[in-house]
Amino acid sequence: MSITTKKIVCEPSAEEALINHYAKFGYSLSHRDEVYNVSTSISSSFAYSYFYDEGYTKISSSEEVVNYVNLLFTREAGIPHEAEVDGLFQDCEDLYAEITEETKRQNTIAKAAQNNAWKSQSRPTIIWLVIALVFGPILGIGGCAAAVAADNPGLIALVVIGGLLFIAGLISLIPIAFHTSSKPSPVSIGNAVLRNPDFVARLNQAKQLILEKEEAASKLLAAPKEKPEVVLLPEHPKKSKKTSKATEEDVIAKKLKHLEALKAQGLLSEEEYQKKREEILASF
């Protein structure tokens with residue numbers, strides 16, 4: 001018995017959905033194994049030494065674990081309506097590939113849009129930082145020097161304004177230093193993609209088509225196998241016993257007539273004639 005196999009690699013979260021999908025086309029899960037891929041990367045290193053020793057190097061590393069699942073599906077070859085079922089399966093594969101490519105494209109567009117928005121928001125922030133961190137100290141130092149030189153305590157207010165401006169600039173540096181103010185994240189990008197009505201409409205349409213093709217394949221598998229058409233060959237007409245008997249009588253009559261003609265011509269004696277006649281009648 002020959003079988004058809006399909007192998008696929010997926011995330012553990014997609015395993016159940018794929019098993020159900022392949023079952024619609026007659027495939028069953030025959031083997032499964034989960035693979036853990038561990039990668040180690042060095043995050044930092046520091047060399048130091050004490051007196052009278054060779055020194056040491058301290059290395060800090062981090063591990064990243066990525067796991068995925070290998071699934072092997074099998075199906076008996078020669079199932080009912082195999083060609084139609086395989087055609088529906090390939091249609092679903094094409095739809096999945098189309099959804100994947102469109103999702104990648106929408107993610108790229110959303111990421112570029114959010115990066116542009118973040119850059120446009122950061123421009124006034126940079127201008128503000130230049131004013132606060134540069135002109136703040138200048139204003140403070142200049143106000144202090146002017147107050148001392150002019151012996152005018154009222155100019156001390158410039159020192160206070162310059163100091164407050166400088167402190168405000170330092171506070172504004174915090175979100176920029178850690179890049180957490182408005183930089184795009186994968187979650188925010190995904191939400192932006194799902195807020196695109198055109199993409200959501202195409203996604204829902206593709207999912208509906210996949211469901212319809214799965215249902216059509218299930219109905220084909222449940223339908224009985226077509227029986228080969230039986231062609232009845234025409235029967236040969238049987239000879240009628242009456243017709244056969246009449247034919248034999250005609251043959252014998254001809255033989256007897258021929259025998260009498262030979263006797264009349266003197267080619268047969270009476271004894272020979274009777275003997276031949278008895279033989280002909282005996283065969284009948």
# chains A, B, ... in the order shown; residues from 1 in each chain; ligands from 1

call {"tool": "residues_around", "arguments": {"residues": "Ile210 in chain A", "least_positions_apart": "6", "cutoff": "10 Å", "atoms": "only C-alpha atoms", "output": "ChimeraX atom specification"}}
result
/A:21,88-89,91-96,204,216

call {"tool": "write_last_selection", "arguments": {"atoms": "N, CA, C and O atoms", "output": "compact mmCIF listing (two decimals), in the first residue's frame"}}
result
# COMPACT_ATOMS: atom_id res chain seq x y z
N HIS A 21 -6.60 21.29 9.94
CA HIS A 21 -6.65 21.66 8.52
C HIS A 21 -6.29 20.46 7.63
O HIS A 21 -7.00 20.16 6.66
N LEU A 88 -8.03 21.18 -4.28
CA LEU A 88 -8.52 22.07 -3.22
C LEU A 88 -7.44 22.35 -2.19
O LEU A 88 -7.33 23.47 -1.68
N PHE A 89 -6.63 21.33 -1.88
CA PHE A 89 -5.53 21.52 -0.93
C PHE A 89 -4.52 22.54 -1.46
O PHE A 89 -4.05 23.41 -0.72
N ASP A 91 -5.11 24.94 -3.57
CA ASP A 91 -5.74 26.26 -3.52
C ASP A 91 -5.57 26.88 -2.13
O ASP A 91 -5.29 28.09 -2.01
N CYS A 92 -5.73 26.07 -1.09
CA CYS A 92 -5.54 26.57 0.28
C CYS A 92 -4.08 26.98 0.51
O CYS A 92 -3.82 28.00 1.16
N GLU A 93 -3.14 26.19 0.00
CA GLU A 93 -1.73 26.53 0.15
C GLU A 93 -1.42 27.88 -0.52
O GLU A 93 -0.68 28.70 0.03
N ASP A 94 -2.00 28.10 -1.69
CA ASP A 94 -1.79 29.38 -2.38
C ASP A 94 -2.39 30.54 -1.58
O ASP A 94 -1.80 31.63 -1.52
N LEU A 95 -3.55 30.32 -0.98
CA LEU A 95 -4.17 31.38 -0.17
C LEU A 95 -3.34 31.69 1.07
O LEU A 95 -3.18 32.85 1.45
N TYR A 96 -2.81 30.65 1.72
CA TYR A 96 -1.95 30.87 2.88
C TYR A 96 -0.70 31.67 2.50
O TYR A 96 -0.27 32.58 3.23
N ASN A 204 -10.10 38.38 5.83
CA ASN A 204 -11.34 37.66 6.12
C ASN A 204 -11.84 36.90 4.89
O ASN A 204 -12.36 35.78 5.00
N ALA A 216 -15.53 21.54 1.16
CA ALA A 216 -15.70 20.82 -0.10
C ALA A 216 -14.86 19.55 -0.13
O ALA A 216 -15.32 18.49 -0.61

call {"tool": "closest_residue", "arguments": {"among": "A:Glu76, A:Glu215, A:Glu34, A:Glu102", "to": "Val200 in chain A", "atoms": "only C-alpha atoms"}}
result
A:Glu102

call {"tool": "atom_distance", "arguments": {"atom1": "CA of Asn37 in chain A", "atom2": "CA of Val9 in chain A"}}
result
13.5 Å

call {"tool": "closest_residue", "arguments": {"among": "A:Thr40, A:Thr5, A:Lys24, A:Gln106", "to": "Leu72 in chain A", "atoms": "only C-alpha atoms"}}
result
A:Thr5

call {"tool": "atom_distance", "arguments": {"atom1": "CA of Ala217 in chain A", "atom2": "CA of Val85 in chain A"}}
result
5.4 Å

call {"tool": "atom_distance", "arguments": {"atom1": "CA of Ile8 in chain A", "atom2": "CA of Leu29 in chain A"}}
result
10.9 Å

call {"tool": "residues_around", "arguments": {"residues": "Tyr273 in chain A", "least_positions_apart": "2", "cutoff": "10 Å", "atoms": "only C-alpha atoms", "output": "list in words"}}
result
Leu256, Leu259, Glu260, Leu262, Lys263, Leu267, Leu268, Ser269, Glu270, Glu271, Lys275, Lys276, Arg277 and Glu278 of chain A
